[in-house]
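Peer 1: Have a look at the structure that comes next, please.
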Amino acid sequence: MINLTIRLPFQTAFHITTDCEELIGFLKHKYGKYISSSESRNEKNIIVLKNGDLYHVEFENKITDEKSAVLAIDSILFENTVFDEAVFALHGAAVEYNGKAYLFLASTTSGKTTLASYLTSIGFRYITDDCILLSRDTFEVFPCSTPVHLRDGGIQVLQKLNALPSGLAVLDDSFIRRYVYTPDNCTETPTPLGKIFFISRTENENQLAELNTTSRMSRLLHSPITVYKVTPEYLRFISSLAKTDCYELRYCDMDFVSQVIKNG
């Protein structure tokens, strides 16, 4: 049996016990430096055992047989992760430029990972491609530099731009296929917040539009990666965050995004 712990910044840690070598390799590529070999301590425990063509998954006294161990673990982590009260967790990607963090908020399959990958290929520093950890007190962005996970579409876009990263690992368990790598230029320390962009890809349009206060509030309330209880204190925090420069960014050209950031 092999024991691993997934310990991402400012959130619940999970301990995995498994007899599946292939799963171990998949998880190490998926979580990078945030996964380590260790015995269980205070983490939530997941047991995954190979059972023919299925995986026997046990978590908090519930046992299921799953076709994909990776998807089963992803589901458990998503449904049971609690974030530290010191941070506000947003669903998006982030890069650093000239000492400031620039956030790209959008739903899954919106292109934020491909955009972050491209920007890091031309000199921006990598912060995260999925989970933004923002300090509630200082509005600094904490690094959460898990490996970048690209889909087939993202790979094709980067190939056309001659920006395909080297050292890609292919993760494929028949249910999920990703191309994974860790950028060389990752941030290591908290970065002051620069601007927030709510992004969407277009076929032939590049447009930047500043948002009014009502739009900022509404979009920020729909951007967390987890569920937050809407309390007066929470609304005051969102109102304060909404004073940051927030824009709607529609783009077909990723160099347009680069210039938007570089031009301030």
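Each chain in the structure tokens gets a letter, A, B, ..., in the order shown, and its residues are numbered from 1; ligands are numbered from 1 in order too.
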At a cut-off of 10 Å, can you tabulate as JSON lines every residue of region 36-108 of chain A near region 8-13 of chain A together with its closest atom pair and the distance in Å to one decimal, using only C-alpha atoms and ordering rows by chain then number?
Peer 2:
```
{"residue": "A:Arg41", "atom": "CA", "partner": "A:Ala13", "partner_atom": "CA", "distance": 9.8}
{"residue": "A:Asn42", "atom": "CA", "partner": "A:Ala13", "partner_atom": "CA", "distance": 8.1}
{"residue": "A:Glu43", "atom": "CA", "partner": "A:Ala13", "partner_atom": "CA", "distance": 5.1}
{"residue": "A:Lys44", "atom": "CA", "partner": "A:Ala13", "partner_atom": "CA", "distance": 6.5}
{"residue": "A:Asn45", "atom": "CA", "partner": "A:Ala13", "partner_atom": "CA", "distance": 9.1}
{"residue": "A:Leu77", "atom": "CA", "partner": "A:Thr12", "partner_atom": "CA", "distance": 8.5}
{"residue": "A:Asn80", "atom": "CA", "partner": "A:Thr12", "partner_atom": "CA", "distance": 7.9}
{"residue": "A:Thr81", "atom": "CA", "partner": "A:Thr12", "partner_atom": "CA", "distance": 5.2}
{"residue": "A:Val82", "atom": "CA", "partner": "A:Thr12", "partner_atom": "CA", "distance": 5.5}
{"residue": "A:Phe83", "atom": "CA", "partner": "A:Gln11", "partner_atom": "CA", "distance": 4.3}
{"residue": "A:Asp84", "atom": "CA", "partner": "A:Phe10", "partner_atom": "CA", "distance": 5.1}
{"residue": "A:Glu85", "atom": "CA", "partner": "A:Phe10", "partner_atom": "CA", "distance": 8.4}
{"residue": "A:Ala86", "atom": "CA", "partner": "A:Phe10", "partner_atom": "CA", "distance": 7.9}
{"residue": "A:Val87", "atom": "CA", "partner": "A:Phe10", "partner_atom": "CA", "distance": 7.3}
{"residue": "A:Phe88", "atom": "CA", "partner": "A:Phe10", "partner_atom": "CA", "distance": 9.8}
{"residue": "A:Ala89", "atom": "CA", "partner": "A:Phe10", "partner_atom": "CA", "distance": 9.3}
```
Peer 1: With a distance cut-off of 8 Å and only C-alpha atoms, select the neighbouring residues of Ile6 (chain A), excluding the residue or stretch itself and same-chain residues fewer than 2 positions from it, and output the selection as a tab-separated table (two decimals) with C-alpha atoms, in the first residue's frame.
Peer 2:
```tsv
chain	number	residue	atom	x	y	z
A	4	LEU	CA	0.17	10.14	-0.13
A	8	LEU	CA	-2.84	22.62	-1.10
A	13	ALA	CA	-5.63	18.32	3.33
A	14	PHE	CA	-6.45	14.80	2.14
A	15	HIS	CA	-4.58	11.55	2.75
A	16	ILE	CA	-4.80	8.83	0.11
A	31	TYR	CA	-0.74	18.17	-7.87
A	34	TYR	CA	1.63	19.85	-3.18
A	35	ILE	CA	1.59	16.06	-2.93
A	36	SER	CA	3.99	14.09	-0.75
```
Peer 1: Per residue of region 19-120 of chain A within 7 Å of region 217-223 of chain A, record the nearest atom pair and its distance in Å to one decimal, counting only C-alpha atoms, with rows in chain order and ascending residue number, as JSON lines.
Peer 2:
```
{"residue": "A:Leu90", "atom": "CA", "partner": "A:Ser223", "partner_atom": "CA", "distance": 5.7}
{"residue": "A:His91", "atom": "CA", "partner": "A:Ser223", "partner_atom": "CA", "distance": 5.9}
{"residue": "A:Leu105", "atom": "CA", "partner": "A:Ser223", "partner_atom": "CA", "distance": 6.8}
```
Peer 1: Any chance you could export the current selection's N, CA, C and O atoms as a short mmCIF file (atom, residue, chain, number, x, y, z; two decimals), in the first residue's frame?
Peer 2:
```
data_model
loop_
_atom_site.label_atom_id
_atom_site.label_comp_id
_atom_site.auth_asym_id
_atom_site.auth_seq_id
_atom_site.Cartn_x
_atom_site.Cartn_y
_atom_site.Cartn_z
N LEU A 90 -11.24 32.10 -5.42
CA LEU A 90 -11.91 32.43 -6.68
C LEU A 90 -11.59 31.39 -7.75
O LEU A 90 -10.49 30.82 -7.77
N HIS A 91 -12.54 31.17 -8.65
CA HIS A 91 -12.32 30.25 -9.76
C HIS A 91 -11.73 31.03 -10.92
O HIS A 91 -12.43 31.79 -11.60
N LEU A 105 -11.03 35.71 -14.41
CA LEU A 105 -12.13 34.95 -13.81
C LEU A 105 -13.08 34.50 -14.92
O LEU A 105 -13.48 35.29 -15.76
#
```
Peer 1: Got a sec to tell me which of region 111-177 of chain A DSSP assigns to strand (DSSP E), as a ChimeraX atom specification?
Peer 2: /A:125-128,131-135,140-142,148-150,169-172,177
Peer 1: Taking the DSSP secondary structure from the backbone, can you list the residues of region 5-239 of chain A that are alpha helix (DSSP H), as number ranges by chain?
Peer 2: A: 21-31, 69-80, 112-121, 152-160, 213-221, 232-239
Peer 1: Could you name the residues that touch Asp152 (chain A) at 10 Å or less, counting only C-alpha atoms, but leaving out those on the same chain fewer than 6 positions away, as a ChimeraX atom specification?
Peer 2: /A:177-179
Peer 1: What's around Val260 (chain A) at 12 Å? Count only C-alpha atoms, leave out sequence neighbours fewer than 2 positions away in its own chain, and write the answer as an MDAnalysis selection string.
Peer 2: chainID A and resid 97 102 119 195:197 206:209 247:251 253:258 262:264
Peer 1: Taking into account only C-alpha atoms, which residue in the set A:Val157, A:Ile2, A:Ile76, A:Val141 is nearest to Thr113 (chain A)?
Peer 2: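 Closest candidate: A:Val157.
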Peer 1: Let me make sure I understand: among A:Ser37, A:Thr214, A:Leu54, A:Gly32, which one has the smallest atom-to-atom distance to Val148 (chain A) if we use only C-alpha atoms?
Peer 2: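 Checking each of A:Ser37, A:Thr214, A:Leu54, A:Gly32 against Val148 (chain A), counting only C-alpha atoms, the winner is A:Gly32.
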Peer 1: Just checking: using only C-alpha atoms, which residue out of A:Lys67, A:Leu235, A:Pro147, A:Gln259 ends up closest to Phe175 (chain A)?
Peer 2: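 Ranked by minimum distance to Phe175 (chain A), first place goes to A:Lys67.
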Peer 1: Please provide as number ranges by chain all residues within 12 Å of region 162-171 of chain A, with the sequence filter that same-chain residues fewer than 5 positions apart are discarded (counting only C-alpha atoms).
Peer 2: A: 22-30, 32, 70, 114-123, 147-152, 154-157, 176-184, 254-255
Peer 1: Just the residues within 7 Å of Ala93 (chain A), please, counting only C-alpha atoms, with nothing from its chain fewer than 4 positions along; format it as a ChimeraX atom specification.
Peer 2: /A:103-105,112-113,116,128-132
Peer 1: For Glu140 (chain A), which of A:Asn204, A:Ser215, A:Ala94, A:Thr191 is the closest residue, counting only C-alpha atoms?
Peer 2: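 The answer is A:Thr191, which sits nearest to Glu140 (chain A).
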Peer 1: Write out as a PyMOL selection string which residues come within 8 Å of Pro192 (chain A) when counting only C-alpha atoms, dropping same-chain ones fewer than 2 positions away.
Peer 2: chain A and resi 99-101+138-141+190+194
Peer 1: Restricting the output to all heavy atoms, write the selected residues as an mmCIF file, in the first residue's frame.
Peer 2:
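Result written to result_18.cif:
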```cif
data_model
loop_
_atom_site.group_PDB
_atom_site.id
_atom_site.type_symbol
_atom_site.label_atom_id
_atom_site.label_comp_id
_atom_site.auth_asym_id
_atom_site.auth_seq_id
_atom_site.Cartn_x
_atom_site.Cartn_y
_atom_site.Cartn_z
ATOM 1 N N GLY A 99 5.347 42.993 -10.522
ATOM 2 C CA GLY A 99 5.019 43.000 -9.102
ATOM 3 C C GLY A 99 3.543 43.048 -8.771
ATOM 4 O O GLY A 99 3.180 43.213 -7.600
ATOM 5 N N LYS A 100 2.663 42.894 -9.767
ATOM 6 C CA LYS A 100 1.226 42.909 -9.537
ATOM 7 C C LYS A 100 0.589 41.617 -10.063
ATOM 8 O O LYS A 100 1.067 41.032 -11.040
ATOM 9 C CB LYS A 100 0.564 44.106 -10.237
ATOM 10 C CG LYS A 100 1.019 45.465 -9.725
ATOM 11 C CD LYS A 100 0.431 45.781 -8.363
ATOM 12 C CE LYS A 100 0.753 47.196 -7.935
ATOM 13 N NZ LYS A 100 0.172 47.527 -6.604
ATOM 14 N N ALA A 101 -0.493 41.204 -9.408
ATOM 15 C CA ALA A 101 -1.228 40.017 -9.831
ATOM 16 C C ALA A 101 -2.427 40.431 -10.680
ATOM 17 O O ALA A 101 -3.177 41.330 -10.314
ATOM 18 C CB ALA A 101 -1.694 39.219 -8.620
ATOM 19 N N THR A 138 -5.298 41.862 3.031
ATOM 20 C CA THR A 138 -4.361 42.697 2.273
ATOM 21 C C THR A 138 -4.620 42.713 0.771
ATOM 22 O O THR A 138 -3.999 43.504 0.053
ATOM 23 C CB THR A 138 -2.918 42.205 2.504
ATOM 24 O OG1 THR A 138 -2.785 40.892 1.916
ATOM 25 C CG2 THR A 138 -2.584 42.148 3.984
ATOM 26 N N PHE A 139 -5.503 41.853 0.286
ATOM 27 C CA PHE A 139 -5.768 41.674 -1.145
ATOM 28 C C PHE A 139 -4.529 41.198 -1.900
ATOM 29 O O PHE A 139 -4.450 41.351 -3.122
ATOM 30 C CB PHE A 139 -6.292 42.961 -1.788
ATOM 31 C CG PHE A 139 -7.729 43.274 -1.438
ATOM 32 C CD1 PHE A 139 -8.335 44.425 -1.889
ATOM 33 C CD2 PHE A 139 -8.479 42.419 -0.646
ATOM 34 C CE1 PHE A 139 -9.665 44.709 -1.578
ATOM 35 C CE2 PHE A 139 -9.800 42.689 -0.330
ATOM 36 C CZ PHE A 139 -10.387 43.833 -0.792
ATOM 37 N N GLU A 140 -3.590 40.597 -1.199
ATOM 38 C CA GLU A 140 -2.491 39.931 -1.882
ATOM 39 C C GLU A 140 -2.974 38.582 -2.411
ATOM 40 O O GLU A 140 -3.878 37.967 -1.842
ATOM 41 C CB GLU A 140 -1.311 39.715 -0.935
ATOM 42 C CG GLU A 140 -0.583 40.988 -0.541
ATOM 43 C CD GLU A 140 0.550 40.703 0.425
ATOM 44 O OE1 GLU A 140 0.291 40.097 1.479
ATOM 45 O OE2 GLU A 140 1.699 41.091 0.119
ATOM 46 N N VAL A 141 -2.355 38.126 -3.497
ATOM 47 C CA VAL A 141 -2.691 36.832 -4.083
ATOM 48 C C VAL A 141 -1.592 35.834 -3.719
ATOM 49 O O VAL A 141 -0.419 36.053 -4.030
ATOM 50 C CB VAL A 141 -2.841 36.942 -5.611
ATOM 51 C CG1 VAL A 141 -3.178 35.584 -6.211
ATOM 52 C CG2 VAL A 141 -3.915 37.964 -5.968
ATOM 53 N N PRO A 190 3.523 35.998 -1.862
ATOM 54 C CA PRO A 190 2.265 36.717 -2.129
ATOM 55 C C PRO A 190 2.507 37.954 -2.998
ATOM 56 O O PRO A 190 3.519 38.641 -2.859
ATOM 57 C CB PRO A 190 1.781 37.104 -0.730
ATOM 58 C CG PRO A 190 2.415 36.100 0.182
ATOM 59 C CD PRO A 190 3.756 35.810 -0.414
ATOM 60 N N GLY A 194 -3.409 43.479 -8.772
ATOM 61 C CA GLY A 194 -3.398 44.538 -9.776
ATOM 62 C C GLY A 194 -4.808 44.796 -10.278
ATOM 63 O O GLY A 194 -5.522 45.658 -9.771
#
```
Peer 1: Taking only C-alpha atoms into account, name the residue in A:Thr5, A:Ser107, A:Ser75, A:Thr213 that is nearest to Thr18 (chain A).
Peer 2: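 Checking each candidate against Thr18 (chain A), we get A:Thr5 as the closest.
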